[in-house]
$ cat final.cif   # mmCIF, C-alpha atoms, pLDDT in the B column; chains and numbers go by the auth columns
data_start
loop_
_atom_site.group_PDB
_atom_site.id
_atom_site.type_symbol
_atom_site.label_atom_id
_atom_site.label_comp_id
_atom_site.label_asym_id
_atom_site.label_seq_id
_atom_site.Cartn_x
_atom_site.Cartn_y
_atom_site.Cartn_z
_atom_site.B_iso_or_equiv
_atom_site.auth_seq_id
_atom_site.auth_asym_id
ATOM 1 C CA MET A 1 0.000 0.000 0.000 77.00 6 A
ATOM 2 C CA ILE A 2 1.292 3.455 -0.951 86.00 7 A
ATOM 3 C CA THR A 3 0.776 5.830 1.955 92.00 8 A
ATOM 4 C CA ILE A 4 1.189 9.605 2.058 92.00 9 A
ATOM 5 C CA SER A 5 4.329 9.121 4.129 93.00 10 A
ATOM 6 C CA LYS A 6 5.885 6.824 1.515 95.00 11 A
ATOM 7 C CA GLU A 7 5.031 9.259 -1.280 95.00 12 A
ATOM 8 C CA ASN A 8 6.662 12.088 0.666 95.00 13 A
ATOM 9 C CA TYR A 9 9.889 10.139 1.245 96.00 14 A
ATOM 10 C CA LEU A 10 10.174 8.909 -2.326 96.00 15 A
ATOM 11 C CA LYS A 11 9.469 12.351 -3.769 95.00 16 A
ATOM 12 C CA ALA A 12 11.993 13.926 -1.397 95.00 17 A
ATOM 13 C CA ILE A 13 14.715 11.523 -2.563 96.00 18 A
ATOM 14 C CA ALA A 14 13.944 12.292 -6.215 93.00 19 A
ATOM 15 C CA GLU A 15 13.827 16.059 -5.677 91.00 20 A
ATOM 16 C CA ALA A 16 17.042 16.159 -3.661 91.00 21 A
ATOM 17 C CA GLN A 17 18.850 14.128 -6.320 89.00 22 A
ATOM 18 C CA ALA A 18 17.489 16.492 -8.984 86.00 23 A
ATOM 19 C CA GLU A 19 19.168 19.337 -7.108 85.00 24 A
ATOM 20 C CA GLY A 20 22.456 17.494 -7.312 84.00 25 A
ATOM 21 C CA GLN A 21 22.561 16.310 -3.711 89.00 26 A
ATOM 22 C CA THR A 22 23.948 12.971 -2.559 93.00 27 A
ATOM 23 C CA VAL A 23 20.980 11.659 -0.592 95.00 28 A
ATOM 24 C CA ILE A 24 21.573 9.958 2.757 96.00 29 A
ATOM 25 C CA ALA A 25 19.347 9.605 5.811 96.00 30 A
ATOM 26 C CA ALA A 26 20.452 12.980 7.164 95.00 31 A
ATOM 27 C CA THR A 27 19.362 14.616 3.891 94.00 32 A
ATOM 28 C CA LEU A 28 15.822 13.341 4.361 95.00 33 A
ATOM 29 C CA SER A 29 15.767 14.334 8.015 95.00 34 A
ATOM 30 C CA HIS A 30 16.562 17.912 7.008 92.00 35 A
ATOM 31 C CA TRP A 31 14.426 17.908 3.846 91.00 36 A
ATOM 32 C CA LEU A 32 11.273 16.610 5.558 93.00 37 A
ATOM 33 C CA SER A 33 11.907 18.123 9.016 93.00 38 A
ATOM 34 C CA VAL A 34 11.615 14.748 10.766 94.00 39 A
ATOM 35 C CA SER A 35 13.829 13.029 13.330 95.00 40 A
ATOM 36 C CA ARG A 36 16.646 10.667 12.397 94.00 41 A
ATOM 37 C CA PRO A 37 14.920 7.689 14.133 95.00 42 A
ATOM 38 C CA ALA A 38 11.782 8.382 12.080 95.00 43 A
ATOM 39 C CA VAL A 39 13.837 8.412 8.869 96.00 44 A
ATOM 40 C CA THR A 40 15.579 5.159 9.832 95.00 45 A
ATOM 41 C CA PHE A 41 12.231 3.464 10.450 95.00 46 A
ATOM 42 C CA ALA A 42 10.769 4.777 7.185 96.00 47 A
ATOM 43 C CA LEU A 43 13.789 3.634 5.167 96.00 48 A
ATOM 44 C CA LYS A 44 13.488 0.124 6.587 96.00 49 A
ATOM 45 C CA ARG A 45 9.901 -0.011 5.328 96.00 50 A
ATOM 46 C CA LEU A 46 10.761 1.476 1.945 97.00 51 A
ATOM 47 C CA THR A 47 13.650 -0.947 1.483 97.00 52 A
ATOM 48 C CA LYS A 48 11.514 -3.909 2.502 96.00 53 A
ATOM 49 C CA ASP A 49 8.791 -2.810 0.063 96.00 54 A
ATOM 50 C CA GLY A 50 11.326 -2.573 -2.766 96.00 55 A
ATOM 51 C CA PHE A 51 11.164 1.180 -3.297 98.00 56 A
ATOM 52 C CA VAL A 52 14.644 2.168 -2.097 97.00 57 A
ATOM 53 C CA ARG A 53 18.155 0.692 -2.164 96.00 58 A
ATOM 54 C CA VAL A 54 20.659 1.697 0.502 95.00 59 A
ATOM 55 C CA GLN A 55 24.293 1.564 -0.596 94.00 60 A
ATOM 56 C CA PRO A 56 27.031 0.400 1.822 94.00 61 A
ATOM 57 C CA ASN A 57 28.097 4.056 2.226 94.00 62 A
ATOM 58 C CA GLY A 58 24.539 5.023 3.206 94.00 63 A
ATOM 59 C CA GLU A 59 23.617 6.656 -0.091 96.00 64 A
ATOM 60 C CA LEU A 60 19.984 6.186 -1.102 97.00 65 A
ATOM 61 C CA HIS A 61 18.719 5.298 -4.574 96.00 66 A
ATOM 62 C CA LEU A 62 15.205 4.768 -5.847 97.00 67 A
ATOM 63 C CA THR A 63 14.343 1.455 -7.451 97.00 68 A
ATOM 64 C CA ARG A 64 12.281 1.393 -10.615 96.00 69 A
ATOM 65 C CA SER A 65 9.045 1.079 -8.623 97.00 70 A
ATOM 66 C CA GLY A 66 10.187 3.783 -6.203 97.00 71 A
ATOM 67 C CA ARG A 67 10.881 6.142 -9.068 94.00 72 A
ATOM 68 C CA GLN A 68 7.452 5.436 -10.561 95.00 73 A
ATOM 69 C CA VAL A 69 5.755 6.473 -7.311 95.00 74 A
ATOM 70 C CA ALA A 70 7.945 9.585 -7.058 95.00 75 A
ATOM 71 C CA GLU A 71 7.196 10.536 -10.660 92.00 76 A
ATOM 72 C CA GLN A 72 3.456 10.122 -10.126 94.00 77 A
ATOM 73 C CA THR A 73 3.523 12.268 -6.985 95.00 78 A
ATOM 74 C CA MET A 74 5.623 14.952 -8.681 93.00 79 A
ATOM 75 C CA ARG A 75 3.314 14.955 -11.713 93.00 80 A
ATOM 76 C CA ARG A 76 0.271 15.508 -9.487 95.00 81 A
ATOM 77 C CA HIS A 77 2.090 18.245 -7.572 95.00 82 A
ATOM 78 C CA HIS A 78 2.875 19.898 -10.912 94.00 83 A
ATOM 79 C CA LEU A 79 -0.769 19.729 -12.022 95.00 84 A
ATOM 80 C CA ILE A 80 -2.041 21.149 -8.727 96.00 85 A
ATOM 81 C CA GLU A 81 0.407 24.058 -8.979 96.00 86 A
ATOM 82 C CA ARG A 82 -0.786 24.793 -12.503 96.00 87 A
ATOM 83 C CA MET A 83 -4.441 24.505 -11.488 97.00 88 A
ATOM 84 C CA LEU A 84 -3.970 26.956 -8.617 97.00 89 A
ATOM 85 C CA SER A 85 -2.066 29.384 -10.832 97.00 90 A
ATOM 86 C CA GLU A 86 -3.910 29.125 -14.149 96.00 91 A
ATOM 87 C CA ILE A 87 -7.473 28.546 -12.956 96.00 92 A
ATOM 88 C CA PHE A 88 -7.609 30.147 -9.506 97.00 93 A
ATOM 89 C CA GLY A 89 -5.104 32.921 -10.111 97.00 94 A
ATOM 90 C CA MET A 90 -2.833 32.229 -7.141 97.00 95 A
ATOM 91 C CA GLU A 91 0.559 33.890 -7.298 97.00 96 A
ATOM 92 C CA TRP A 92 3.478 31.780 -8.528 97.00 97 A
ATOM 93 C CA TYR A 93 5.241 32.053 -5.158 96.00 98 A
ATOM 94 C CA GLU A 94 2.173 30.782 -3.251 96.00 99 A
ATOM 95 C CA VAL A 95 1.298 27.577 -5.073 97.00 100 A
ATOM 96 C CA HIS A 96 4.041 25.190 -3.894 95.00 101 A
ATOM 97 C CA ASP A 97 2.901 24.963 -0.280 94.00 102 A
ATOM 98 C CA GLU A 98 -0.724 24.422 -1.308 95.00 103 A
ATOM 99 C CA ALA A 99 0.271 21.748 -3.805 96.00 104 A
ATOM 100 C CA GLU A 100 2.265 19.933 -1.090 94.00 105 A
ATOM 101 C CA ARG A 101 -0.962 19.565 0.884 92.00 106 A
ATOM 102 C CA LEU A 102 -3.237 18.696 -2.032 95.00 107 A
ATOM 103 C CA GLU A 103 -1.072 16.401 -4.193 94.00 108 A
ATOM 104 C CA HIS A 104 -1.910 13.260 -2.209 93.00 109 A
ATOM 105 C CA ALA A 105 -5.654 13.737 -2.689 92.00 110 A
ATOM 106 C CA VAL A 106 -5.515 13.608 -6.499 93.00 111 A
ATOM 107 C CA SER A 107 -7.164 10.470 -7.850 93.00 112 A
ATOM 108 C CA PRO A 108 -6.350 9.047 -11.296 93.00 113 A
ATOM 109 C CA ALA A 109 -9.733 10.292 -12.536 96.00 114 A
ATOM 110 C CA PHE A 110 -9.099 13.822 -11.268 95.00 115 A
ATOM 111 C CA GLU A 111 -5.580 13.777 -12.672 94.00 116 A
ATOM 112 C CA LYS A 112 -7.013 12.909 -16.080 95.00 117 A
ATOM 113 C CA LYS A 113 -9.494 15.809 -15.828 95.00 118 A
ATOM 114 C CA LEU A 114 -6.704 18.208 -14.875 94.00 119 A
ATOM 115 C CA VAL A 115 -4.669 17.169 -17.908 94.00 120 A
ATOM 116 C CA GLU A 116 -7.723 17.639 -20.135 95.00 121 A
ATOM 117 C CA LYS A 117 -8.369 21.092 -18.668 94.00 122 A
ATOM 118 C CA LEU A 118 -4.788 22.372 -18.477 93.00 123 A
ATOM 119 C CA GLY A 119 -3.185 20.552 -21.399 90.00 124 A
ATOM 120 C CA ARG A 120 0.194 18.855 -21.345 85.00 125 A
ATOM 121 C CA LYS A 121 2.816 21.379 -20.325 84.00 126 A
ATOM 122 C CA ASP A 122 6.147 20.464 -18.768 84.00 127 A
ATOM 123 C CA ILE A 123 6.862 23.761 -17.003 89.00 128 A
ATOM 124 C CA CYS A 124 5.429 24.644 -13.592 92.00 129 A
ATOM 125 C CA PRO A 125 4.748 28.222 -12.339 95.00 130 A
ATOM 126 C CA HIS A 126 8.291 28.324 -10.915 95.00 131 A
ATOM 127 C CA GLY A 127 9.786 27.637 -14.336 92.00 132 A
ATOM 128 C CA ASN A 128 10.924 24.134 -13.439 89.00 133 A
ATOM 129 C CA GLY A 129 10.428 21.133 -15.671 82.00 134 A
ATOM 130 C CA LEU A 130 8.378 18.082 -14.820 74.00 135 A
ATOM 131 C CA GLY A 131 10.918 15.382 -14.083 67.00 136 A
ATOM 132 C CA PHE A 132 14.291 14.675 -12.561 62.00 137 A
ATOM 133 C CA ALA A 133 16.625 17.090 -14.369 73.00 138 A
ATOM 134 C CA ASN A 134 19.756 17.390 -12.254 81.00 139 A
ATOM 135 C CA PRO A 135 22.207 20.330 -12.464 86.00 140 A
ATOM 136 C CA ALA A 136 24.314 18.618 -15.139 86.00 141 A
ATOM 137 C CA GLU A 137 21.244 18.063 -17.331 87.00 142 A
ATOM 138 C CA ARG A 138 20.109 21.660 -16.823 89.00 143 A
ATOM 139 C CA ARG A 139 23.522 22.901 -17.952 91.00 144 A
ATOM 140 C CA LYS A 140 23.296 20.752 -21.091 91.00 145 A
ATOM 141 C CA ARG A 141 20.130 22.716 -21.917 89.00 146 A
ATOM 142 C CA GLY A 142 22.095 25.949 -21.686 92.00 147 A
ATOM 143 C CA HIS A 143 20.978 26.904 -18.196 94.00 148 A
ATOM 144 C CA ARG A 144 23.316 28.073 -15.455 95.00 149 A
ATOM 145 C CA LEU A 145 22.961 29.278 -11.892 95.00 150 A
ATOM 146 C CA LEU A 146 22.678 33.023 -11.527 96.00 151 A
ATOM 147 C CA ALA A 147 25.745 32.884 -9.255 94.00 152 A
ATOM 148 C CA GLU A 148 27.717 31.615 -12.292 94.00 153 A
ATOM 149 C CA ALA A 149 26.339 34.107 -14.819 95.00 154 A
ATOM 150 C CA GLU A 150 28.733 36.164 -16.918 95.00 155 A
ATOM 151 C CA PRO A 151 28.988 39.895 -16.175 96.00 156 A
ATOM 152 C CA GLY A 152 27.867 42.013 -19.105 95.00 157 A
ATOM 153 C CA SER A 153 25.383 39.388 -20.300 96.00 158 A
ATOM 154 C CA ARG A 154 21.608 39.387 -20.435 97.00 159 A
ATOM 155 C CA TYR A 155 19.550 36.451 -19.249 97.00 160 A
ATOM 156 C CA ARG A 156 16.020 35.398 -18.485 97.00 161 A
ATOM 157 C CA VAL A 157 15.011 33.571 -15.326 97.00 162 A
ATOM 158 C CA ALA A 158 14.518 29.937 -16.339 95.00 163 A
ATOM 159 C CA GLY A 159 13.534 28.485 -12.950 94.00 164 A
ATOM 160 C CA VAL A 160 13.819 29.008 -9.217 95.00 165 A
ATOM 161 C CA PHE A 161 14.156 26.784 -6.166 92.00 166 A
ATOM 162 C CA GLU A 162 10.580 26.441 -4.981 91.00 167 A
ATOM 163 C CA ARG A 163 10.657 24.917 -1.497 88.00 168 A
ATOM 164 C CA ASP A 164 11.381 28.117 0.464 92.00 169 A
ATOM 165 C CA ARG A 165 8.309 30.377 0.585 94.00 170 A
ATOM 166 C CA LYS A 166 10.159 33.319 2.167 96.00 171 A
ATOM 167 C CA LEU A 167 12.822 33.137 -0.523 96.00 172 A
ATOM 168 C CA LEU A 168 10.169 33.109 -3.251 97.00 173 A
ATOM 169 C CA GLU A 169 8.469 36.141 -1.725 97.00 174 A
ATOM 170 C CA PHE A 170 11.835 37.894 -1.609 97.00 175 A
ATOM 171 C CA PHE A 171 12.453 37.099 -5.281 97.00 176 A
ATOM 172 C CA GLU A 172 9.016 38.439 -6.180 97.00 177 A
ATOM 173 C CA SER A 173 9.670 41.678 -4.284 96.00 178 A
ATOM 174 C CA GLU A 174 12.900 42.129 -6.272 96.00 179 A
ATOM 175 C CA GLY A 175 11.272 41.319 -9.622 96.00 180 A
ATOM 176 C CA ILE A 176 13.090 37.990 -9.953 97.00 181 A
ATOM 177 C CA ARG A 177 10.368 35.721 -11.277 96.00 182 A
ATOM 178 C CA PRO A 178 10.207 33.027 -14.011 95.00 183 A
ATOM 179 C CA GLY A 179 10.642 34.577 -17.438 95.00 184 A
ATOM 180 C CA ALA A 180 11.929 37.910 -16.106 96.00 185 A
ATOM 181 C CA PRO A 181 14.833 39.523 -18.008 96.00 186 A
ATOM 182 C CA ILE A 182 18.001 40.111 -15.980 96.00 187 A
ATOM 183 C CA SER A 183 21.238 41.890 -16.854 97.00 188 A
ATOM 184 C CA VAL A 184 24.287 40.804 -14.901 97.00 189 A
ATOM 185 C CA LYS A 185 26.479 43.812 -14.190 96.00 190 A
ATOM 186 C CA ALA A 186 29.200 42.346 -11.978 96.00 191 A
ATOM 187 C CA ARG A 187 30.181 39.459 -9.736 93.00 192 A
ATOM 188 C CA ASN A 188 31.579 41.161 -6.686 93.00 193 A
ATOM 189 C CA TYR A 189 34.461 40.348 -4.363 92.00 194 A
ATOM 190 C CA ASP A 190 32.072 39.821 -1.419 92.00 195 A
ATOM 191 C CA GLY A 191 30.258 37.048 -3.315 90.00 196 A
ATOM 192 C CA THR A 192 27.261 39.153 -4.306 95.00 197 A
ATOM 193 C CA VAL A 193 26.022 39.622 -7.877 96.00 198 A
ATOM 194 C CA SER A 194 25.068 43.082 -9.166 97.00 199 A
ATOM 195 C CA LEU A 195 21.964 42.891 -11.339 97.00 200 A
ATOM 196 C CA ALA A 196 19.639 45.083 -13.320 97.00 201 A
ATOM 197 C CA VAL A 197 16.093 43.734 -13.065 95.00 202 A
ATOM 198 C CA GLY A 198 13.910 45.978 -15.176 87.00 203 A
ATOM 199 C CA LYS A 199 14.761 49.504 -14.022 88.00 204 A
ATOM 200 C CA ARG A 200 15.995 48.342 -10.636 91.00 205 A
ATOM 201 C CA HIS A 201 19.597 47.728 -9.665 95.00 206 A
ATOM 202 C CA ILE A 202 20.159 45.210 -6.870 95.00 207 A
ATOM 203 C CA ARG A 203 22.913 43.154 -5.281 96.00 208 A
ATOM 204 C CA LEU A 204 22.003 39.530 -4.648 96.00 209 A
ATOM 205 C CA GLY A 205 23.849 37.336 -2.156 96.00 210 A
ATOM 206 C CA SER A 206 25.363 34.045 -3.247 94.00 211 A
ATOM 207 C CA SER A 207 22.934 31.923 -1.198 94.00 212 A
ATOM 208 C CA ALA A 208 20.022 33.431 -3.156 96.00 213 A
ATOM 209 C CA ALA A 209 21.841 33.510 -6.508 96.00 214 A
ATOM 210 C CA ASP A 210 22.478 29.769 -6.139 94.00 215 A
ATOM 211 C CA LYS A 211 18.693 29.208 -6.126 94.00 216 A
ATOM 212 C CA VAL A 212 18.001 30.777 -9.537 96.00 217 A
ATOM 213 C CA TRP A 213 18.589 29.130 -12.921 96.00 218 A
ATOM 214 C CA VAL A 214 18.961 31.441 -15.885 97.00 219 A
ATOM 215 C CA ALA A 215 19.282 31.087 -19.649 96.00 220 A
ATOM 216 C CA LYS A 216 20.864 33.480 -22.119 94.00 221 A
ATOM 217 C CA ALA A 217 18.320 35.995 -23.376 88.00 222 A
#
$ encode --input "final.cif" --output "structure tokens"
Amino acid sequence: MITISKENYLKAIAEAQAEGQTVIAATLSHWLSVSRPAVTFALKRLTKDGFVRVQPNGELHLTRSGRQVAEQTMRRHHLIERMLSEIFGMEWYEVHDEAERLEHAVSPAFEKKLVEKLGRKDICPHGNGLGFANPAERRKRGHRLLAEAEPGSRYRVAGVFERDRKLLEFFESEGIRPGAPISVKARNYDGTVSLAVGKRHIRLGSSAADKVWVAKA
């Protein structure tokens, strides 16, 4: 039986790997805000059920069936985000948290109706693709982190890290949203990046610039 807890763990493993992280038990403890004993117990169940493999060094990998569950959960999350944005008009920085709560309630019949209503589109309101694209795959598509962008070049925001609501609200307040044009003026000695976003000139710290993917305009 696939429970909400199992879906959350499997999706967390897939999402963390897509961000280029090596996933171990501690990763999940931080990612899901649960205790280490709870993670250990959950991994025993997931391993027994054939959804996860644990390497001798503690690294976690999804099995084929585990990846299928993660993909299904991520696809429903994606559809809920699009529904909230495109039908109900919620702001792009608001929809992730709502989708986290609603994704587990989507039945196959409702999922089919959402696809019929919204159409098949791979990009969510945060600009991120539907799937498991890791940093290397994103770079093959011509994307790079804003922290790595070349001074003197113009870009558009291709996607942003979507799990931190306060960060998303900060980006919105600075005009850094999916599709927005950005000119990189300088990468500064203190690790900040000087940007022109529309008519505004801002300096963005490295911790925030590492959460934005851009593509050449």
$ resolve_selection --input "final.cif" --expression "the PyMOL selection byres ((chain A and resi 163) around 8)" --output "list in words"
Gly132, Asn133, His148, Arg161, Val162, Gly164, Val165, Pro183, Gly184, Val217, Trp218, Val219 and Ala220 of chain A
$ residues_around --input "final.cif" --residues "A:Arg41" --least-positions-apart "4" --cutoff "7 Å" --atoms "all atoms listed in the file" --output "PyMOL selection string"
chain A and resi 31+34+45
$ resolve_selection --input "final.cif" --expression "the PyMOL selection byres ((chain A and resi 20-24) around 6)" --output "number ranges by chain"
A: 17-19, 25-26, 137-139
$ atom_distance --input "final.cif" --atom1 "atom CA of A:Val44" --atom2 "atom CA of A:Ser70"
19.6 Å
$ resolve_selection --input "final.cif" --expression "the PyMOL selection byres ((chain A and resi 115-127) around 12)" --output "VMD selection string"
chain A and resid 77 to 92 107 to 114 128 to 138
$ residues_around --input "final.cif" --residues "A:Gly203" --least-positions-apart "5" --cutoff "8 Å" --atoms "only C-alpha atoms" --output "NGL selection string"
:A and (180 or 186-187)
$ residues_around --input "final.cif" --residues "A:Gln60" --least-positions-apart "5" --cutoff "12 Å" --atoms "all atoms listed in the file" --output "mmCIF file with C-alpha atoms, in the coordinates of the input"
data_model
loop_
_atom_site.group_PDB
_atom_site.id
_atom_site.type_symbol
_atom_site.label_atom_id
_atom_site.label_comp_id
_atom_site.auth_asym_id
_atom_site.auth_seq_id
_atom_site.Cartn_x
_atom_site.Cartn_y
_atom_site.Cartn_z
ATOM 1 C CA THR A 27 23.948 12.971 -2.559
ATOM 2 C CA VAL A 28 20.980 11.659 -0.592
ATOM 3 C CA ILE A 29 21.573 9.958 2.757
ATOM 4 C CA ALA A 30 19.347 9.605 5.811
ATOM 5 C CA THR A 52 13.650 -0.947 1.483
ATOM 6 C CA LEU A 65 19.984 6.186 -1.102
ATOM 7 C CA HIS A 66 18.719 5.298 -4.574
ATOM 8 C CA LEU A 67 15.205 4.768 -5.847
#
$ closest_residue --input "final.cif" --among "A:Ala47, A:Arg146, A:Ile181, A:Tyr194" --to "A:His206" --atoms "all atoms listed in the file"
A:Ile181
$ atom_distance --input "final.cif" --atom1 "atom CA of A:Arg192" --atom2 "atom CA of A:Phe176"
18.4 Å
$ closest_residue --input "final.cif" --among "A:Asp215, A:Asp195, A:Glu179, A:Asp169" --to "A:His101" --atoms "all atoms listed in the file"
A:Asp169
$ atom_distance --input "final.cif" --atom1 "atom CA of A:Thr197" --atom2 "atom CA of A:Leu33"
29.5 Å
$ closest_residue --input "final.cif" --among "A:Lys53, A:Arg58, A:Gln73, A:Ala43" --to "A:Lys16" --atoms "only C-alpha atoms"
A:Gln73
$ closest_residue --input "final.cif" --among "A:Ala201, A:Leu15, A:Val189, A:Ile9" --to "A:Arg106" --atoms "all atoms listed in the file"
A:Ile9
$ closest_residue --input "final.cif" --among "A:Thr8, A:Ala191, A:Arg168, A:Arg69" --to "A:Ala104" --atoms "only C-alpha atoms"
A:Arg168
